[in-house]
$ cat upload_29.txt   # compact mmCIF, C-alpha atoms and all ligand atoms
# COMPACT_ATOMS: atom_id res chain seq x y z
CA MET T 1 -6.16 -1.89 29.08
CA THR T 2 -4.02 0.26 26.87
CA LYS T 3 -4.02 -0.12 23.15
CA ASN T 4 -2.06 -2.98 21.68
CA GLU T 5 1.39 -1.94 20.64
CA THR T 6 2.15 -2.06 16.97
CA THR T 7 3.77 -5.32 15.95
CA VAL T 8 6.17 -5.22 13.03
CA LEU T 9 7.36 -8.35 11.29
CA VAL T 10 10.85 -7.74 9.94
CA ALA T 11 11.71 -10.27 7.23
CA GLU T 12 15.41 -9.75 6.70
CA ASP T 13 18.51 -11.91 6.48
CA GLU T 14 21.29 -9.37 7.05
CA GLU T 15 22.21 -9.41 10.72
CA SER T 16 23.40 -5.80 10.78
CA PHE T 17 20.02 -4.66 9.44
CA ILE T 18 18.13 -6.91 11.84
CA ASP T 19 19.97 -5.40 14.81
CA ALA T 20 19.50 -1.83 13.67
CA LEU T 21 15.81 -2.32 12.87
CA THR T 22 15.03 -4.17 16.08
CA LEU T 23 16.63 -1.43 18.13
CA GLY T 24 15.22 1.47 16.12
CA LEU T 25 11.66 0.19 15.99
CA ALA T 26 11.66 -0.76 19.67
CA LYS T 27 12.64 2.83 20.43
CA GLU T 28 9.51 3.91 18.57
CA GLY T 29 7.47 1.72 20.90
CA MET T 30 6.90 -1.06 18.40
CA LYS T 31 7.19 -4.76 18.98
CA VAL T 32 9.49 -6.48 16.51
CA LEU T 33 9.31 -10.05 15.24
CA VAL T 34 12.15 -11.28 13.06
CA ALA T 35 12.06 -13.79 10.21
CA ARG T 36 15.38 -14.68 8.59
CA ASP T 37 14.04 -16.30 5.44
CA GLY T 38 10.91 -16.28 3.31
CA ARG T 39 9.36 -19.44 4.71
CA GLU T 40 9.83 -18.24 8.24
CA ALA T 41 8.23 -14.92 7.27
CA ILE T 42 5.05 -16.72 6.21
CA GLU T 43 5.05 -18.92 9.32
CA ILE T 44 5.44 -16.00 11.69
CA TRP T 45 2.86 -13.96 9.81
CA LYS T 46 0.35 -16.81 10.20
CA GLU T 47 1.12 -17.32 13.88
CA SER T 48 1.32 -13.74 15.00
CA SER T 49 -0.76 -11.55 12.64
CA PRO T 50 1.60 -8.53 12.74
CA ASP T 51 0.19 -5.06 12.03
CA VAL T 52 2.71 -4.37 9.30
CA ILE T 53 5.38 -6.35 7.45
CA LEU T 54 8.77 -5.03 6.45
CA LEU T 55 9.76 -7.37 3.67
CA ASP T 56 13.24 -7.62 2.22
CA LEU T 57 13.05 -8.74 -1.40
CA MET T 58 16.21 -10.83 -1.39
CA LEU T 59 15.51 -13.52 1.17
CA PRO T 60 16.76 -17.12 1.37
CA LYS T 61 14.38 -20.03 0.62
CA LEU T 62 11.50 -17.90 -0.68
CA SER T 63 11.90 -14.45 -2.23
CA GLY T 64 10.12 -11.39 -0.90
CA ILE T 65 8.03 -11.34 -4.08
CA ASP T 66 6.78 -14.87 -3.42
CA VAL T 67 6.14 -14.10 0.23
CA CYS T 68 4.12 -11.03 -0.75
CA LYS T 69 2.09 -13.00 -3.32
CA GLU T 70 1.34 -15.73 -0.80
CA ILE T 71 0.24 -13.33 1.91
CA ARG T 72 -1.92 -11.34 -0.52
CA THR T 73 -3.98 -14.42 -1.31
CA GLN T 74 -5.25 -14.24 2.25
CA SER T 75 -4.62 -10.83 3.77
CA GLN T 76 -4.40 -7.11 3.07
CA VAL T 77 -1.94 -6.50 5.92
CA PRO T 78 0.24 -3.48 5.05
CA ILE T 79 3.50 -4.60 3.42
CA ILE T 80 6.49 -2.32 2.95
CA MET T 81 9.16 -3.79 0.71
CA VAL T 82 12.83 -3.25 1.33
CA THR T 83 14.83 -3.16 -1.86
CA ALA T 84 18.46 -2.65 -2.78
CA ARG T 85 19.51 0.49 -4.53
CA GLY T 86 19.15 0.22 -8.28
CA SER T 87 16.79 -2.76 -8.30
CA GLU T 88 13.95 -0.88 -9.93
CA VAL T 89 12.57 -3.95 -11.64
CA ASP T 90 12.17 -5.73 -8.30
CA THR T 91 10.43 -2.69 -6.91
CA VAL T 92 7.89 -2.58 -9.70
CA VAL T 93 7.27 -6.32 -9.50
CA GLY T 94 6.83 -6.01 -5.75
CA LEU T 95 4.22 -3.30 -6.12
CA GLU T 96 2.49 -5.33 -8.79
CA VAL T 97 2.14 -8.31 -6.48
CA GLY T 98 0.52 -6.12 -3.85
CA ALA T 99 3.06 -4.37 -1.64
CA ASP T 100 1.80 -1.00 -0.34
CA ASP T 101 5.05 0.90 -0.36
CA TYR T 102 8.79 0.42 -0.44
CA VAL T 103 12.01 1.77 0.99
CA VAL T 104 15.42 1.59 -0.64
CA LYS T 105 18.50 0.53 1.34
CA PRO T 106 20.10 2.37 3.00
CA PHE T 107 17.25 4.30 4.59
CA SER T 108 16.95 6.32 7.78
CA MET T 109 14.88 5.21 10.75
CA ARG T 110 13.03 8.48 10.45
CA GLU T 111 11.97 7.72 6.90
CA LEU T 112 11.04 4.15 7.76
CA THR T 113 8.92 5.00 10.80
CA ALA T 114 7.15 7.72 8.79
CA ARG T 115 6.25 5.13 6.15
CA ILE T 116 5.13 2.62 8.74
CA ARG T 117 2.94 5.18 10.48
CA ALA T 118 1.50 6.30 7.15
CA VAL T 119 0.37 2.80 6.16
CA LEU T 120 -0.94 2.08 9.66
CA ARG T 121 -2.85 5.34 9.93
CA ARG T 122 -4.94 4.35 6.96
CA SER T 123 -5.58 0.75 7.88
CA PRO T 124 -8.90 0.25 9.70
CA THR T 125 -7.34 -0.70 13.04
CA GLY T 126 -4.74 2.04 12.74
CA ALA T 127 -7.37 4.76 12.34
CA GLU T 128 -9.17 3.49 15.40
CA GLU T 129 -5.99 3.46 17.42
CA LYS T 130 -5.18 7.02 16.50
CA GLY T 131 -8.75 8.13 17.06
CA GLU T 132 -8.51 10.22 13.95
CA ALA T 133 -10.21 9.09 10.80
CA ALA T 134 -7.28 9.71 8.50
CA ALA T 135 -7.28 13.30 7.30
CA GLY T 136 -9.21 13.69 4.09
CA ALA T 137 -10.59 10.19 4.35
CA GLY T 138 -13.92 11.38 5.71
CA ASN T 139 -16.01 9.16 7.92
CA SER T 140 -18.54 6.62 6.81
CA GLU T 141 -18.99 7.77 3.31
CA LEU T 142 -20.29 5.84 0.39
CA LEU T 143 -18.78 6.95 -2.89
CA CYS T 144 -20.85 5.69 -5.82
CA ILE T 145 -19.95 6.41 -9.41
CA GLY T 146 -21.26 4.27 -12.24
CA ALA T 147 -20.83 0.60 -11.34
CA ILE T 148 -18.33 1.42 -8.61
CA THR T 149 -19.14 1.75 -4.93
CA LEU T 150 -16.51 2.53 -2.35
CA ASP T 151 -17.42 2.26 1.32
CA THR T 152 -14.74 4.26 3.10
CA ALA T 153 -15.81 3.22 6.60
CA ARG T 154 -15.79 -0.48 5.88
CA HIS T 155 -12.90 -0.32 3.44
CA GLU T 156 -14.88 -2.10 0.79
CA LEU T 157 -14.94 -1.81 -2.95
CA ARG T 158 -17.80 -3.21 -4.97
CA VAL T 159 -17.84 -3.33 -8.73
CA ASN T 160 -21.19 -4.25 -10.26
CA ASP T 161 -22.17 -5.13 -6.70
CA LYS T 162 -19.42 -7.70 -6.38
CA PRO T 163 -16.82 -7.19 -3.64
CA VAL T 164 -13.29 -6.66 -4.95
CA PRO T 165 -10.37 -6.96 -2.50
CA LEU T 166 -8.10 -3.94 -2.57
CA PRO T 167 -4.72 -3.39 -0.90
CA LEU T 168 -4.43 -0.29 1.23
CA LYS T 169 -2.65 2.04 -1.15
CA GLU T 170 -4.95 1.22 -4.03
CA PHE T 171 -7.88 1.90 -1.75
CA GLU T 172 -6.52 5.28 -0.73
CA LEU T 173 -5.74 6.18 -4.29
CA LEU T 174 -9.21 5.25 -5.48
CA GLU T 175 -10.77 7.10 -2.58
CA LEU T 176 -8.81 10.24 -3.42
CA LEU T 177 -9.78 10.07 -7.10
CA MET T 178 -13.45 9.31 -6.45
CA SER T 179 -13.65 12.12 -3.90
CA ASN T 180 -12.59 14.54 -6.61
CA PRO T 181 -14.63 13.51 -9.64
CA ASN T 182 -13.93 15.27 -12.94
CA ARG T 183 -10.99 17.11 -11.43
CA VAL T 184 -7.53 16.77 -12.86
CA MET T 185 -5.30 15.46 -10.10
CA THR T 186 -1.64 16.06 -10.83
CA ARG T 187 0.83 13.27 -10.24
CA ASP T 188 2.64 15.25 -7.57
CA MET T 189 -0.60 16.00 -5.76
CA ILE T 190 -1.61 12.35 -5.80
CA VAL T 191 1.78 11.04 -4.65
CA ASP T 192 1.86 13.62 -1.89
CA ARG T 193 -1.63 12.79 -0.65
CA VAL T 194 -1.43 9.02 -0.90
CA TRP T 195 2.22 8.27 -0.13
CA GLY T 196 2.98 11.29 2.00
CA PRO T 197 5.57 14.06 1.92
CA PHE T 198 8.41 11.73 2.93
CA HIS T 199 8.03 9.79 -0.26
CA THR T 200 10.51 10.81 -2.91
CA SER T 201 8.01 11.69 -5.60
CA ASP T 202 8.02 8.54 -7.64
CA THR T 203 5.60 8.45 -10.52
CA LYS T 204 6.44 4.85 -11.37
CA THR T 205 4.83 3.72 -8.12
CA LEU T 206 1.76 5.76 -8.95
CA ASP T 207 1.52 4.38 -12.47
CA VAL T 208 1.72 0.80 -11.23
CA HIS T 209 -1.08 1.45 -8.76
CA ILE T 210 -3.23 3.11 -11.41
CA LYS T 211 -2.69 0.12 -13.67
CA ARG T 212 -3.73 -2.27 -10.92
CA LEU T 213 -6.82 -0.22 -10.11
CA ARG T 214 -7.85 -0.09 -13.73
CA SER T 215 -7.58 -3.86 -14.01
CA LYS T 216 -10.06 -4.10 -11.15
CA ILE T 217 -12.61 -1.43 -11.99
CA GLU T 218 -12.51 -0.81 -15.72
CA PRO T 219 -14.69 -2.89 -18.05
CA ASP T 220 -11.78 -2.73 -20.50
CA PRO T 221 -8.53 -1.78 -18.72
CA SER T 222 -6.83 -1.02 -22.05
CA LYS T 223 -9.45 1.67 -22.75
CA PRO T 224 -10.08 3.22 -19.36
CA THR T 225 -13.28 5.20 -18.96
CA TYR T 226 -13.30 5.80 -15.21
CA ILE T 227 -9.70 6.72 -14.55
CA THR T 228 -8.54 8.69 -17.54
CA THR T 229 -5.03 9.93 -18.19
CA VAL T 230 -4.57 13.65 -18.63
CA ARG T 231 -1.44 13.75 -20.69
CA GLY T 232 1.47 15.55 -19.10
CA LEU T 233 -0.52 16.28 -15.95
CA GLY T 234 -2.02 13.35 -14.15
CA TYR T 235 -5.31 11.52 -13.84
CA ARG T 236 -8.99 12.29 -13.60
CA PHE T 237 -11.90 10.23 -12.33
CA GLU T 238 -14.85 10.59 -14.69
CA SER T 239 -18.23 10.87 -12.99
CA ARG T 240 -20.02 9.90 -16.19
CA PRO T 241 -17.84 7.24 -17.73
CA GLU T 242 -18.57 6.41 -21.34
CA GLN T 243 -19.68 2.82 -21.53
CA CA I 1 18.50 -9.81 1.94
$ encode --input "upload_29.txt" --output "structure tokens" --more "lines below"
Ligand code: CA
Amino acid sequence: MTKNETTVLVAEDEESFIDALTLGLAKEGMKVLVARDGREAIEIWKESSPDVILLDLMLPKLSGIDVCKEIRTQSQVPIIMVTARGSEVDTVVGLEVGADDYVVKPFSMRELTARIRAVLRRSPTGAEEKGEAAAGAGNSELLCIGAITLDTARHELRVNDKPVPLPLKEFELLELLMSNPNRVMTRDMIVDRVWGPFHTSDTKTLDVHIKRLRSKIEPDPSKPTYITTVRGLGYRFESRPEQ
């Protein structure tokens, strides 16, 4: 049996977009499921367990934000938000409720498929499918610093030996930082490595993810000791955090 094809759930209410996406993604060899409102998106997600969700933020019945929140209570499936130009607030809120990435309308199919492949490559099933443990991700490595343990093979974070669920992008970001302890990682370097070269270098996305990570791993997120800010440059993961 050949590998399962990638199934994409497209939650979108604009017919012209639905047509273009269905056609474009099918051309890339992906199977497309369509939900035309937020409630339907959750129903189809439950029934069909898609590999990735393309989630428009402005949906009838239930907004993309609410859909994302609901799904995140139960699943870490990769979610790419689709936002309208100029709706920066929505974008930030979307990332805060757990979306992995976003695209801004109008976008090219090339950009979209690159984003989809990037999030899939790093998800556990995606890596298996590609037969390449995502570049730089290493194999079954246990990264332990202070009270934090990251199991890169099992995609597991433990803080003080308690498991903490982590969306994909936060996991990748933490993995990158913990793999380079005490090294200043510039914002551009981080965005490039975690979001990929197709991403228009967006430091707001990075900052939101850092904030979310800190809330999960720092004893006091307002005074971070693991992930410290290097003013004007980027971030650094401290191998000997001050307690
Ligand atoms: Ca819409």
$ residues_near_ligand --input "upload_29.txt" --ligand "ligand CA 1 (chain I)" --cutoff "7 Å" --atoms "all atoms listed in the file" --output "MDAnalysis selection string"
chainID T and resid 12:14 56:59
$ residues_around --input "upload_29.txt" --residues "T:Glu40" --least-positions-apart "6" --cutoff "12 Å" --atoms "all atoms listed in the file" --output "number ranges by chain"
T: 9-13, 33-34, 46-48, 55, 59-64, 67
$ closest_residue --input "upload_29.txt" --among "T:Lys216, T:Val230, T:Met189, T:Ala84" --to "T:Lys162" --atoms "all atoms listed in the file"
T:Lys216
$ axis_aligned_box --input "upload_29.txt" --around "stretch 150-169 of chain T" --padding-each-side "8 Å" --output "JSON"
{"center_x": -12.4, "center_y": -1.7, "center_z": -1.8, "size_x": 35.5, "size_y": 28.0, "size_z": 32.9}
$ atom_distance --input "upload_29.txt" --atom1 "atom CA of T:Ile71" --atom2 "atom CA of T:Pro224"
28.9 Å
$ closest_residue --input "upload_29.txt" --among "T:Asn180, T:Ser215, T:Thr186, T:Ser222" --to "T:Ser239" --atoms "only C-alpha atoms"
T:Asn180
$ closest_residue --input "upload_29.txt" --among "T:Leu174, T:Val52, T:Met185, T:Val32" --to "T:Val119" --atoms "only C-alpha atoms"
T:Val52
$ closest_residue --input "upload_29.txt" --among "T:Gly234, T:Pro106, T:Pro78, T:Pro167" --to "T:Arg183" --atoms "all atoms listed in the file"
T:Gly234
$ atom_distance --input "upload_29.txt" --atom1 "atom CA of T:Gly29" --atom2 "atom CA of T:Phe17"
18.2 Å
$ atom_distance --input "upload_29.txt" --atom1 "atom CA of T:Gly94" --atom2 "atom CA of T:Met178"
25.4 Å
$ build_atoms --input "upload_29.txt" --residues "stretch 35-54 of chain T" --atoms "N, CA, C and O atoms" --output "tab-separated table (two decimals), in the frame of the given file"
chain	number	residue	atom	x	y	z
T	35	ALA	N	12.00	-12.57	11.02
T	35	ALA	CA	12.06	-13.79	10.21
T	35	ALA	C	13.32	-13.68	9.36
T	35	ALA	O	13.57	-12.64	8.76
T	36	ARG	N	14.11	-14.75	9.32
T	36	ARG	CA	15.38	-14.68	8.59
T	36	ARG	C	15.33	-15.30	7.19
T	36	ARG	O	16.31	-15.31	6.48
T	37	ASP	N	14.20	-15.86	6.83
T	37	ASP	CA	14.04	-16.30	5.44
T	37	ASP	C	12.56	-16.23	5.07
T	37	ASP	O	11.71	-15.97	5.92
T	38	GLY	N	12.27	-16.46	3.80
T	38	GLY	CA	10.91	-16.28	3.31
T	38	GLY	C	9.89	-17.23	3.92
T	38	GLY	O	8.77	-16.85	4.23
T	39	ARG	N	10.29	-18.47	4.12
T	39	ARG	CA	9.36	-19.44	4.71
T	39	ARG	C	9.00	-19.05	6.13
T	39	ARG	O	7.85	-19.12	6.54
T	40	GLU	N	10.05	-18.64	6.85
T	40	GLU	CA	9.83	-18.24	8.24
T	40	GLU	C	8.91	-17.01	8.29
T	40	GLU	O	8.07	-16.90	9.18
T	41	ALA	N	9.07	-16.13	7.31
T	41	ALA	CA	8.23	-14.92	7.27
T	41	ALA	C	6.75	-15.32	7.21
T	41	ALA	O	5.91	-14.78	7.92
T	42	ILE	N	6.45	-16.29	6.34
T	42	ILE	CA	5.05	-16.72	6.21
T	42	ILE	C	4.57	-17.42	7.48
T	42	ILE	O	3.46	-17.17	7.96
T	43	GLU	N	5.43	-18.25	8.06
T	43	GLU	CA	5.05	-18.92	9.32
T	43	GLU	C	4.74	-17.92	10.42
T	43	GLU	O	3.71	-18.01	11.10
T	44	ILE	N	5.63	-16.97	10.60
T	44	ILE	CA	5.44	-16.00	11.69
T	44	ILE	C	4.23	-15.12	11.42
T	44	ILE	O	3.46	-14.79	12.32
T	45	TRP	N	4.04	-14.76	10.15
T	45	TRP	CA	2.86	-13.96	9.81
T	45	TRP	C	1.58	-14.71	10.19
T	45	TRP	O	0.66	-14.16	10.77
T	46	LYS	N	1.55	-16.02	9.89
T	46	LYS	CA	0.35	-16.81	10.20
T	46	LYS	C	0.13	-16.93	11.71
T	46	LYS	O	-0.99	-16.83	12.19
T	47	GLU	N	1.23	-17.14	12.43
T	47	GLU	CA	1.12	-17.32	13.88
T	47	GLU	C	0.76	-16.03	14.61
T	47	GLU	O	0.01	-16.03	15.56
T	48	SER	N	1.35	-14.94	14.16
T	48	SER	CA	1.32	-13.74	15.00
T	48	SER	C	0.51	-12.56	14.46
T	48	SER	O	0.37	-11.57	15.17
T	49	SER	N	0.00	-12.65	13.23
T	49	SER	CA	-0.76	-11.55	12.64
T	49	SER	C	-0.18	-10.17	12.97
T	49	SER	O	-0.80	-9.39	13.68
T	50	PRO	N	1.02	-9.86	12.47
T	50	PRO	CA	1.60	-8.53	12.74
T	50	PRO	C	0.76	-7.43	12.10
T	50	PRO	O	-0.06	-7.70	11.21
T	51	ASP	N	0.95	-6.19	12.56
T	51	ASP	CA	0.19	-5.06	12.03
T	51	ASP	C	0.77	-4.58	10.70
T	51	ASP	O	0.08	-3.96	9.90
T	52	VAL	N	2.05	-4.82	10.53
T	52	VAL	CA	2.71	-4.37	9.30
T	52	VAL	C	3.92	-5.28	9.06
T	52	VAL	O	4.51	-5.81	10.00
T	53	ILE	N	4.24	-5.48	7.78
T	53	ILE	CA	5.38	-6.35	7.45
T	53	ILE	C	6.42	-5.56	6.66
T	53	ILE	O	6.08	-4.87	5.69
T	54	LEU	N	7.64	-5.65	7.14
T	54	LEU	CA	8.77	-5.03	6.45
T	54	LEU	C	9.48	-6.16	5.73
T	54	LEU	O	10.08	-7.02	6.36
